[in-house]
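Listing of target.pdb; format and content: PDB, C-alpha atoms (C1' of nucleotides).
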MODEL        1
ATOM      1  CA  MET I   1      14.143   3.826  15.278  1.00  0.00           C
ATOM      2  CA  ARG I   2      12.614   7.241  14.824  1.00  0.00           C
ATOM      3  CA  ASP I   3      14.523   7.817  11.607  1.00  0.00           C
ATOM      4  CA  ARG I   4      11.673   6.578   9.450  1.00  0.00           C
ATOM      5  CA  ARG I   5      13.839   4.610   7.042  1.00  0.00           C
ATOM      6  CA  PHE I   6      10.930   2.620   5.733  1.00  0.00           C
ATOM      7  CA  ASP I   7       8.792   5.665   5.109  1.00  0.00           C
ATOM      8  CA  ARG I   8      11.531   7.356   3.146  1.00  0.00           C
ATOM      9  CA  ALA I   9      12.129   4.242   1.080  1.00  0.00           C
ATOM     10  CA  VAL I  10       8.437   4.281   0.257  1.00  0.00           C
ATOM     11  CA  TYR I  11       8.579   7.924  -0.784  1.00  0.00           C
ATOM     12  CA  ARG I  12      11.600   7.328  -2.956  1.00  0.00           C
ATOM     13  CA  LEU I  13       9.948   4.505  -4.799  1.00  0.00           C
ATOM     14  CA  VAL I  14       6.551   6.121  -5.170  1.00  0.00           C
ATOM     15  CA  SER I  15       8.168   9.243  -6.560  1.00  0.00           C
ATOM     16  CA  ARG I  16       9.473   7.138  -9.437  1.00  0.00           C
ATOM     17  CA  ILE I  17       6.065   5.992 -10.637  1.00  0.00           C
ATOM     18  CA  PRO I  18       5.409   7.813 -13.888  1.00  0.00           C
ATOM     19  CA  PRO I  19       2.194   9.762 -14.492  1.00  0.00           C
ATOM     20  CA  GLY I  20      -0.456   7.544 -16.018  1.00  0.00           C
ATOM     21  CA  ARG I  21       0.620   4.465 -14.095  1.00  0.00           C
ATOM     22  CA  VAL I  22      -0.383   3.120 -10.703  1.00  0.00           C
ATOM     23  CA  ALA I  23       0.883   0.639  -8.135  1.00  0.00           C
ATOM     24  CA  THR I  24      -0.640  -1.175  -5.182  1.00  0.00           C
ATOM     25  CA  TYR I  25       0.343  -0.946  -1.520  1.00  0.00           C
ATOM     26  CA  GLY I  26       1.445  -4.559  -1.613  1.00  0.00           C
ATOM     27  CA  GLN I  27       3.464  -4.028  -4.751  1.00  0.00           C
ATOM     28  CA  ILE I  28       5.374  -1.146  -3.199  1.00  0.00           C
ATOM     29  CA  ALA I  29       6.035  -3.199  -0.092  1.00  0.00           C
ATOM     30  CA  SER I  30       7.286  -6.129  -2.146  1.00  0.00           C
ATOM     31  CA  LEU I  31       9.506  -3.988  -4.318  1.00  0.00           C
ATOM     32  CA  LEU I  32      11.092  -2.659  -1.153  1.00  0.00           C
ATOM     33  CA  GLY I  33      11.735  -6.174   0.068  1.00  0.00           C
ATOM     34  CA  TYR I  34       8.962  -6.312   2.671  1.00  0.00           C
ATOM     35  CA  PRO I  35       6.179  -8.252   0.975  1.00  0.00           C
ATOM     36  CA  ARG I  36       4.068  -8.248   4.122  1.00  0.00           C
ATOM     37  CA  ALA I  37       4.311  -4.594   4.952  1.00  0.00           C
ATOM     38  CA  ALA I  38       1.566  -3.308   2.688  1.00  0.00           C
ATOM     39  CA  ARG I  39      -0.143  -1.821   5.676  1.00  0.00           C
ATOM     40  CA  ALA I  40       2.930   0.107   6.676  1.00  0.00           C
ATOM     41  CA  VAL I  41       3.017   1.566   3.172  1.00  0.00           C
ATOM     42  CA  GLY I  42      -0.430   2.993   3.738  1.00  0.00           C
ATOM     43  CA  SER I  43       0.668   4.489   7.033  1.00  0.00           C
ATOM     44  CA  ALA I  44       3.672   6.038   5.348  1.00  0.00           C
ATOM     45  CA  LEU I  45       1.557   7.642   2.646  1.00  0.00           C
ATOM     46  CA  LYS I  46      -0.683   9.120   5.270  1.00  0.00           C
ATOM     47  CA  ARG I  47       2.321  11.153   6.406  1.00  0.00           C
ATOM     48  CA  CYS I  48       3.875  11.700   3.002  1.00  0.00           C
ATOM     49  CA  PRO I  49       5.426  14.951   1.773  1.00  0.00           C
ATOM     50  CA  PRO I  50       3.067  17.201  -0.209  1.00  0.00           C
ATOM     51  CA  ASP I  51       4.825  16.770  -3.531  1.00  0.00           C
ATOM     52  CA  LEU I  52       4.570  12.978  -3.610  1.00  0.00           C
ATOM     53  CA  PRO I  53       2.248  11.490  -6.254  1.00  0.00           C
ATOM     54  CA  TRP I  54       0.408   9.502  -3.597  1.00  0.00           C
ATOM     55  CA  GLN I  55      -2.659   9.223  -5.801  1.00  0.00           C
ATOM     56  CA  ARG I  56      -0.930   6.519  -7.822  1.00  0.00           C
ATOM     57  CA  ILE I  57      -1.178   4.022  -4.997  1.00  0.00           C
ATOM     58  CA  LEU I  58      -4.285   1.871  -4.883  1.00  0.00           C
ATOM     59  CA  ASN I  59      -5.357  -1.269  -3.068  1.00  0.00           C
ATOM     60  CA  HIS I  60      -4.919  -4.715  -4.602  1.00  0.00           C
ATOM     61  CA  ARG I  61      -8.273  -4.430  -6.356  1.00  0.00           C
ATOM     62  CA  GLY I  62      -7.425  -1.181  -8.037  1.00  0.00           C
ATOM     63  CA  GLY I  63      -9.677   0.753  -5.694  1.00  0.00           C
ATOM     64  CA  ILE I  64      -9.118   3.830  -3.585  1.00  0.00           C
ATOM     65  CA  SER I  65      -8.397   2.979   0.025  1.00  0.00           C
ATOM     66  CA  LEU I  66      -8.701   6.313   1.811  1.00  0.00           C
ATOM     67  CA  ARG I  67     -10.893   5.351   4.690  1.00  0.00           C
ATOM     68  CA  ALA I  68     -13.880   7.510   5.368  1.00  0.00           C
ATOM     69  CA  ASN I  69     -12.130  10.463   3.810  1.00  0.00           C
ATOM     70  CA  VAL I  70     -14.637  11.547   1.217  1.00  0.00           C
ATOM     71  CA  SER I  71     -12.836  14.634   0.008  1.00  0.00           C
ATOM     72  CA  GLY I  72      -9.610  12.675  -0.180  1.00  0.00           C
ATOM     73  CA  MET I  73     -11.212  10.010  -2.339  1.00  0.00           C
ATOM     74  CA  ILE I  74     -12.577  12.586  -4.692  1.00  0.00           C
ATOM     75  CA  THR I  75      -9.219  14.291  -4.862  1.00  0.00           C
ATOM     76  CA  GLN I  76      -7.454  11.051  -5.658  1.00  0.00           C
ATOM     77  CA  ARG I  77      -9.874  10.217  -8.403  1.00  0.00           C
ATOM     78  CA  ILE I  78      -9.564  13.659  -9.960  1.00  0.00           C
ATOM     79  CA  LEU I  79      -5.782  13.526  -9.863  1.00  0.00           C
ATOM     80  CA  LEU I  80      -5.729  10.102 -11.480  1.00  0.00           C
ATOM     81  CA  GLU I  81      -8.151  10.970 -14.219  1.00  0.00           C
ATOM     82  CA  ARG I  82      -6.255  14.159 -14.857  1.00  0.00           C
ATOM     83  CA  GLU I  83      -3.208  12.079 -15.755  1.00  0.00           C
ATOM     84  CA  GLY I  84      -5.177   9.659 -17.861  1.00  0.00           C
ATOM     85  CA  VAL I  85      -6.069   6.893 -15.432  1.00  0.00           C
ATOM     86  CA  PRO I  86      -9.821   6.233 -15.484  1.00  0.00           C
ATOM     87  CA  LEU I  87     -11.824   4.546 -12.745  1.00  0.00           C
ATOM     88  CA  GLN I  88     -14.712   2.351 -13.711  1.00  0.00           C
ATOM     89  CA  ARG I  89     -17.075   0.998 -11.106  1.00  0.00           C
ATOM     90  CA  GLY I  90     -14.720   2.516  -8.565  1.00  0.00           C
ATOM     91  CA  ARG I  91     -11.667   0.721  -9.854  1.00  0.00           C
ATOM     92  CA  VAL I  92      -8.670   1.205 -12.048  1.00  0.00           C
ATOM     93  CA  ASP I  93      -7.900  -1.615 -14.467  1.00  0.00           C
ATOM     94  CA  LEU I  94      -4.652  -2.777 -12.931  1.00  0.00           C
ATOM     95  CA  ALA I  95      -3.868  -5.127 -15.783  1.00  0.00           C
ATOM     96  CA  ARG I  96      -3.673  -2.055 -17.943  1.00  0.00           C
ATOM     97  CA  TYR I  97      -2.308   0.731 -15.760  1.00  0.00           C
ATOM     98  CA  CYS I  98      -0.101  -1.049 -13.279  1.00  0.00           C
ATOM     99  CA  TRP I  99       3.473   0.171 -13.084  1.00  0.00           C
ATOM    100  CA  ALA I 100       6.102  -2.411 -14.027  1.00  0.00           C
ATOM    101  CA  GLY I 101       8.446  -1.352 -11.233  1.00  0.00           C
ATOM    102  CA  PRO I 102      11.650   0.652 -11.336  1.00  0.00           C
ATOM    103  CA  ARG I 103      13.642   0.244 -14.488  1.00  0.00           C
ATOM    104  CA  ARG I 104      16.973  -1.326 -13.738  1.00  0.00           C
ATOM    105  CA  ARG I 105      19.624  -0.792 -16.304  1.00  0.00           C
ATOM    106  CA  PRO I 106      21.804  -3.890 -16.676  1.00  0.00           C
ATOM    107  CA  ALA I 107      24.878  -3.662 -14.450  1.00  0.00           C
ATOM    108  CA  VAL I 108      26.988  -5.584 -16.904  1.00  0.00           C
ATOM    109  CA  LYS I 109      26.751  -5.938 -20.588  1.00  0.00           C
ATOM    110  CA  LEU I 110      24.736  -8.978 -21.551  1.00  0.00           C
ATOM    111  CA  PRO I 111      26.281 -11.633 -23.777  1.00  0.00           C
ATOM    112  CA  ALA I 112      25.393 -11.325 -27.411  1.00  0.00           C
ATOM    113  CA  LEU I 113      21.971 -12.584 -28.219  1.00  0.00           C
ATOM    114  CA  GLY I 114      23.279 -14.526 -31.157  1.00  0.00           C
ATOM    115  CA  LYS I 115      21.143 -14.936 -34.207  1.00  0.00           C
ATOM    116  CA  LEU I 116      17.596 -13.832 -34.054  1.00  0.00           C
TER     117      LEU I 116
ATOM    118  C1'  DT X   1      10.654  -0.156  25.673  1.00  0.00           C
ATOM    119  C1'  DC X   2       6.107  -1.611  25.255  1.00  0.00           C
ATOM    120  C1'  DC X   3       1.640  -1.118  23.053  1.00  0.00           C
ATOM    121  C1'  DG X   4      -2.101   0.551  20.129  1.00  0.00           C
ATOM    122  C1'  DT X   5      -2.932   1.959  15.436  1.00  0.00           C
ATOM    123  C1'  DG X   6      -4.085   1.686  10.553  1.00  0.00           C
ATOM    124  C1'  DA X   7      -4.575   4.922   2.999  1.00  0.00           C
ATOM    125  C1'  DC X   8      -3.412  -3.425   3.480  1.00  0.00           C
ATOM    126  C1'  DA X   9      -3.947  -8.435   1.941  1.00  0.00           C
ATOM    127  C1'  DC X  10      -6.075 -12.689   1.923  1.00  0.00           C
ATOM    128  C1'  DA X  11      -9.064 -16.543   3.167  1.00  0.00           C
ATOM    129  C1'  DA X  12     -13.417 -18.204   4.615  1.00  0.00           C
ATOM    130  C1'  DG X  13     -18.390 -18.117   5.081  1.00  0.00           C
TER     131       DG X  13
ATOM    132  C1'  DC Y   1     -20.697  -9.071  -3.947  1.00  0.00           C
ATOM    133  C1'  DC Y   2     -20.229  -8.411   1.193  1.00  0.00           C
ATOM    134  C1'  DT Y   3     -18.734  -9.534   5.924  1.00  0.00           C
ATOM    135  C1'  DT Y   4     -15.667 -11.076   9.333  1.00  0.00           C
ATOM    136  C1'  DG Y   5     -11.260 -12.692  11.257  1.00  0.00           C
ATOM    137  C1'  DT Y   6      -6.293 -13.021  11.179  1.00  0.00           C
ATOM    138  C1'  DG Y   7      -1.614 -11.957   9.981  1.00  0.00           C
ATOM    139  C1'  DC Y   8       1.505  -8.073   9.510  1.00  0.00           C
ATOM    140  C1'  DC Y   9       4.752  -4.344  10.629  1.00  0.00           C
ATOM    141  C1'  DA Y  10       6.717   0.524  10.859  1.00  0.00           C
ATOM    142  C1'  DC Y  11       5.395   4.425  13.554  1.00  0.00           C
ATOM    143  C1'  DG Y  12       4.407   7.327  17.263  1.00  0.00           C
ATOM    144  C1'  DG Y  13       2.954   8.175  21.973  1.00  0.00           C
TER     145       DG Y  13
ENDMDL
END
Just give me the structure as structure tokens.
Amino acid sequence: MRDRRFDRAVYRLVSRIPPGRVATYGQIASLLGYPRAARAVGSALKRCPPDLPWQRILNHRGGISLRANVSGMITQRILLEREGVPLQRGRVDLARYCWAGPRRRPAVKLPALGKL
DNA sequence: TCCGTGACACAAG
DNA sequence: CCTTGTGCCACGG
């Protein structure tokens, strides 16, 4: 332990979220294969490297989860709006701005689709 | 190694 | 909508 594998996996994935899109803590955890480790994702972000687009991670309701950190909440909102993600009533419309997940190119060529 | 700690999620009241 | 209570799990001390 002490090598922070999980944290680094989180950073790797979060760094792939494009500007203008967001993801939830639970979504990141699930994509990493630990559907119940949403909380650990939050802990990881708390210690994340300065260049990580941490602002793109929201709670499952599309809200900002920085606890009692007023300046942090403001910062996150500014950063999101700056890249085109608006908050309304304190929430981002996840149905609209949620990231689809990492794009996996097909490992093998798919069979022909046939007529269409 | 054991134990407390959360930038969470979800269900119930 | 808001308020608990419970489950969870990697980290750090």
Evaluated on this file, the PyMOL selection byres ((chain I) within 12 of (chain X)) picks out some residues - which ones are they, written as a JSON list (two decimals) with C-alpha atoms, in the frame of the given file?
[["chain", "number", "residue", "atom", "x", "y", "z"],
["I", 1, "MET", "CA", 14.14, 3.83, 15.28],
["I", 24, "THR", "CA", -0.64, -1.18, -5.18],
["I", 25, "TYR", "CA", 0.34, -0.95, -1.52],
["I", 26, "GLY", "CA", 1.44, -4.56, -1.61],
["I", 27, "GLN", "CA", 3.46, -4.03, -4.75],
["I", 28, "ILE", "CA", 5.37, -1.15, -3.20],
["I", 29, "ALA", "CA", 6.04, -3.20, -0.09],
["I", 35, "PRO", "CA", 6.18, -8.25, 0.98],
["I", 36, "ARG", "CA", 4.07, -8.25, 4.12],
["I", 37, "ALA", "CA", 4.31, -4.59, 4.95],
["I", 38, "ALA", "CA", 1.57, -3.31, 2.69],
["I", 39, "ARG", "CA", -0.14, -1.82, 5.68],
["I", 40, "ALA", "CA", 2.93, 0.11, 6.68],
["I", 41, "VAL", "CA", 3.02, 1.57, 3.17],
["I", 42, "GLY", "CA", -0.43, 2.99, 3.74],
["I", 43, "SER", "CA", 0.67, 4.49, 7.03],
["I", 44, "ALA", "CA", 3.67, 6.04, 5.35],
["I", 45, "LEU", "CA", 1.56, 7.64, 2.65],
["I", 46, "LYS", "CA", -0.68, 9.12, 5.27],
["I", 47, "ARG", "CA", 2.32, 11.15, 6.41],
["I", 48, "CYS", "CA", 3.88, 11.70, 3.00],
["I", 54, "TRP", "CA", 0.41, 9.50, -3.60],
["I", 55, "GLN", "CA", -2.66, 9.22, -5.80],
["I", 56, "ARG", "CA", -0.93, 6.52, -7.82],
["I", 57, "ILE", "CA", -1.18, 4.02, -5.00],
["I", 58, "LEU", "CA", -4.28, 1.87, -4.88],
["I", 59, "ASN", "CA", -5.36, -1.27, -3.07],
["I", 60, "HIS", "CA", -4.92, -4.72, -4.60],
["I", 61, "ARG", "CA", -8.27, -4.43, -6.36],
["I", 63, "GLY", "CA", -9.68, 0.75, -5.69],
["I", 64, "ILE", "CA", -9.12, 3.83, -3.58],
["I", 65, "SER", "CA", -8.40, 2.98, 0.02],
["I", 66, "LEU", "CA", -8.70, 6.31, 1.81],
["I", 67, "ARG", "CA", -10.89, 5.35, 4.69],
["I", 68, "ALA", "CA", -13.88, 7.51, 5.37],
["I", 69, "ASN", "CA", -12.13, 10.46, 3.81],
["I", 72, "GLY", "CA", -9.61, 12.68, -0.18],
["I", 73, "MET", "CA", -11.21, 10.01, -2.34],
["I", 76, "GLN", "CA", -7.45, 11.05, -5.66]]
| said: Using all atoms listed in the file and a cut-off of 6 Å, which residues of chain Y sit close to chain I? Please list them as a PyMOL selection string. | reply: chain Y and resi 8-10
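If you look at CA of Ala9 in chain I and CA of Arg21 in chain I, they are 19.0 Å away from each other.
CA of Glu83 in chain I is found 15.4 Å from CA of Asp51 in chain I.
Between CA of Arg16 in chain I and CA of Lys109 in chain I there is a distance of 24.4 Å.
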Mind giving me the axis-aligned box for range 3-12 of chain X with 3 Å on every side, centre plus edges in Å to one decimal, as AutoDock Vina command-line options?
--center_x -5.9 --center_y -6.6 --center_z 12.5 --size_x 21.1 --size_y 29.1 --size_z 27.1
Please return range 26-52 of chain I, rebuilt to N, CA, C and O atoms, as a PDB file, keeping the file's coordinate frame.
ATOM      1  N   GLY I  26       0.683  -3.327  -1.724  1.00  0.00           N
ATOM      2  CA  GLY I  26       1.445  -4.559  -1.613  1.00  0.00           C
ATOM      3  C   GLY I  26       2.618  -4.600  -2.584  1.00  0.00           C
ATOM      4  O   GLY I  26       3.686  -5.106  -2.256  1.00  0.00           O
ATOM      5  N   GLN I  27       2.407  -4.050  -3.746  1.00  0.00           N
ATOM      6  CA  GLN I  27       3.464  -4.028  -4.751  1.00  0.00           C
ATOM      7  C   GLN I  27       4.631  -3.179  -4.270  1.00  0.00           C
ATOM      8  O   GLN I  27       5.789  -3.573  -4.395  1.00  0.00           O
ATOM      9  N   ILE I  28       4.325  -2.032  -3.715  1.00  0.00           N
ATOM     10  CA  ILE I  28       5.374  -1.146  -3.199  1.00  0.00           C
ATOM     11  C   ILE I  28       6.132  -1.860  -2.091  1.00  0.00           C
ATOM     12  O   ILE I  28       7.357  -1.869  -2.066  1.00  0.00           O
ATOM     13  N   ALA I  29       5.393  -2.486  -1.195  1.00  0.00           N
ATOM     14  CA  ALA I  29       6.035  -3.199  -0.092  1.00  0.00           C
ATOM     15  C   ALA I  29       6.966  -4.285  -0.627  1.00  0.00           C
ATOM     16  O   ALA I  29       8.109  -4.407  -0.184  1.00  0.00           O
ATOM     17  N   SER I  30       6.482  -5.046  -1.582  1.00  0.00           N
ATOM     18  CA  SER I  30       7.286  -6.129  -2.146  1.00  0.00           C
ATOM     19  C   SER I  30       8.540  -5.607  -2.837  1.00  0.00           C
ATOM     20  O   SER I  30       9.621  -6.156  -2.667  1.00  0.00           O
ATOM     21  N   LEU I  31       8.359  -4.555  -3.607  1.00  0.00           N
ATOM     22  CA  LEU I  31       9.506  -3.988  -4.318  1.00  0.00           C
ATOM     23  C   LEU I  31      10.569  -3.511  -3.340  1.00  0.00           C
ATOM     24  O   LEU I  31      11.757  -3.490  -3.660  1.00  0.00           O
ATOM     25  N   LEU I  32      10.139  -3.134  -2.156  1.00  0.00           N
ATOM     26  CA  LEU I  32      11.092  -2.659  -1.153  1.00  0.00           C
ATOM     27  C   LEU I  32      11.705  -3.816  -0.376  1.00  0.00           C
ATOM     28  O   LEU I  32      12.578  -3.618   0.461  1.00  0.00           O
ATOM     29  N   GLY I  33      11.189  -5.025  -0.636  1.00  0.00           N
ATOM     30  CA  GLY I  33      11.735  -6.174   0.068  1.00  0.00           C
ATOM     31  C   GLY I  33      10.977  -6.555   1.326  1.00  0.00           C
ATOM     32  O   GLY I  33      11.456  -7.339   2.135  1.00  0.00           O
ATOM     33  N   TYR I  34       9.787  -5.979   1.512  1.00  0.00           N
ATOM     34  CA  TYR I  34       8.962  -6.312   2.671  1.00  0.00           C
ATOM     35  C   TYR I  34       7.566  -6.676   2.190  1.00  0.00           C
ATOM     36  O   TYR I  34       6.623  -5.896   2.357  1.00  0.00           O
ATOM     37  N   PRO I  35       7.444  -7.851   1.587  1.00  0.00           N
ATOM     38  CA  PRO I  35       6.179  -8.252   0.975  1.00  0.00           C
ATOM     39  C   PRO I  35       4.976  -8.244   1.906  1.00  0.00           C
ATOM     40  O   PRO I  35       3.844  -8.228   1.453  1.00  0.00           O
ATOM     41  N   ARG I  36       5.210  -8.233   3.198  1.00  0.00           N
ATOM     42  CA  ARG I  36       4.068  -8.248   4.122  1.00  0.00           C
ATOM     43  C   ARG I  36       3.835  -6.921   4.802  1.00  0.00           C
ATOM     44  O   ARG I  36       3.115  -6.861   5.792  1.00  0.00           O
ATOM     45  N   ALA I  37       4.449  -5.897   4.290  1.00  0.00           N
ATOM     46  CA  ALA I  37       4.311  -4.594   4.952  1.00  0.00           C
ATOM     47  C   ALA I  37       3.415  -3.626   4.195  1.00  0.00           C
ATOM     48  O   ALA I  37       3.571  -2.410   4.297  1.00  0.00           O
ATOM     49  N   ALA I  38       2.461  -4.168   3.466  1.00  0.00           N
ATOM     50  CA  ALA I  38       1.566  -3.308   2.688  1.00  0.00           C
ATOM     51  C   ALA I  38       0.897  -2.270   3.584  1.00  0.00           C
ATOM     52  O   ALA I  38       0.741  -1.109   3.214  1.00  0.00           O
ATOM     53  N   ARG I  39       0.544  -2.713   4.754  1.00  0.00           N
ATOM     54  CA  ARG I  39      -0.143  -1.821   5.676  1.00  0.00           C
ATOM     55  C   ARG I  39       0.739  -0.652   6.094  1.00  0.00           C
ATOM     56  O   ARG I  39       0.281   0.476   6.232  1.00  0.00           O
ATOM     57  N   ALA I  40       1.988  -0.941   6.289  1.00  0.00           N
ATOM     58  CA  ALA I  40       2.930   0.107   6.676  1.00  0.00           C
ATOM     59  C   ALA I  40       3.091   1.114   5.544  1.00  0.00           C
ATOM     60  O   ALA I  40       3.362   2.295   5.774  1.00  0.00           O
ATOM     61  N   VAL I  41       2.918   0.647   4.309  1.00  0.00           N
ATOM     62  CA  VAL I  41       3.017   1.566   3.172  1.00  0.00           C
ATOM     63  C   VAL I  41       1.886   2.586   3.262  1.00  0.00           C
ATOM     64  O   VAL I  41       2.084   3.774   3.049  1.00  0.00           O
ATOM     65  N   GLY I  42       0.710   2.093   3.598  1.00  0.00           N
ATOM     66  CA  GLY I  42      -0.430   2.993   3.738  1.00  0.00           C
ATOM     67  C   GLY I  42      -0.170   4.024   4.822  1.00  0.00           C
ATOM     68  O   GLY I  42      -0.434   5.210   4.646  1.00  0.00           O
ATOM     69  N   SER I  43       0.372   3.569   5.927  1.00  0.00           N
ATOM     70  CA  SER I  43       0.668   4.489   7.033  1.00  0.00           C
ATOM     71  C   SER I  43       1.669   5.539   6.588  1.00  0.00           C
ATOM     72  O   SER I  43       1.563   6.708   6.944  1.00  0.00           O
ATOM     73  N   ALA I  44       2.634   5.108   5.819  1.00  0.00           N
ATOM     74  CA  ALA I  44       3.672   6.038   5.348  1.00  0.00           C
ATOM     75  C   ALA I  44       3.056   7.105   4.450  1.00  0.00           C
ATOM     76  O   ALA I  44       3.366   8.291   4.571  1.00  0.00           O
ATOM     77  N   LEU I  45       2.174   6.680   3.567  1.00  0.00           N
ATOM     78  CA  LEU I  45       1.557   7.642   2.646  1.00  0.00           C
ATOM     79  C   LEU I  45       0.706   8.660   3.380  1.00  0.00           C
ATOM     80  O   LEU I  45       0.581   9.809   2.971  1.00  0.00           O
ATOM     81  N   LYS I  46       0.141   8.227   4.455  1.00  0.00           N
ATOM     82  CA  LYS I  46      -0.683   9.120   5.270  1.00  0.00           C
ATOM     83  C   LYS I  46       0.143  10.308   5.740  1.00  0.00           C
ATOM     84  O   LYS I  46      -0.364  11.406   5.899  1.00  0.00           O
ATOM     85  N   ARG I  47       1.421  10.097   5.918  1.00  0.00           N
ATOM     86  CA  ARG I  47       2.321  11.153   6.406  1.00  0.00           C
ATOM     87  C   ARG I  47       3.276  11.636   5.321  1.00  0.00           C
ATOM     88  O   ARG I  47       4.327  12.171   5.612  1.00  0.00           O
ATOM     89  N   CYS I  48       2.927  11.397   4.071  1.00  0.00           N
ATOM     90  CA  CYS I  48       3.875  11.700   3.002  1.00  0.00           C
ATOM     91  C   CYS I  48       4.027  13.192   2.725  1.00  0.00           C
ATOM     92  O   CYS I  48       3.144  13.981   3.022  1.00  0.00           O
ATOM     93  N   PRO I  49       5.185  13.561   2.156  1.00  0.00           N
ATOM     94  CA  PRO I  49       5.426  14.951   1.773  1.00  0.00           C
ATOM     95  C   PRO I  49       4.421  15.373   0.703  1.00  0.00           C
ATOM     96  O   PRO I  49       3.930  14.542  -0.051  1.00  0.00           O
ATOM     97  N   PRO I  50       4.107  16.667   0.653  1.00  0.00           N
ATOM     98  CA  PRO I  50       3.067  17.201  -0.209  1.00  0.00           C
ATOM     99  C   PRO I  50       3.296  17.024  -1.709  1.00  0.00           C
ATOM    100  O   PRO I  50       2.350  16.980  -2.465  1.00  0.00           O
ATOM    101  N   ASP I  51       4.544  16.880  -2.098  1.00  0.00           N
ATOM    102  CA  ASP I  51       4.825  16.770  -3.531  1.00  0.00           C
ATOM    103  C   ASP I  51       4.791  15.343  -4.048  1.00  0.00           C
ATOM    104  O   ASP I  51       4.976  15.104  -5.231  1.00  0.00           O
ATOM    105  N   LEU I  52       4.575  14.379  -3.172  1.00  0.00           N
ATOM    106  CA  LEU I  52       4.570  12.978  -3.610  1.00  0.00           C
ATOM    107  C   LEU I  52       3.295  12.631  -4.368  1.00  0.00           C
ATOM    108  O   LEU I  52       2.208  13.013  -3.959  1.00  0.00           O
TER     109      LEU I  52
END
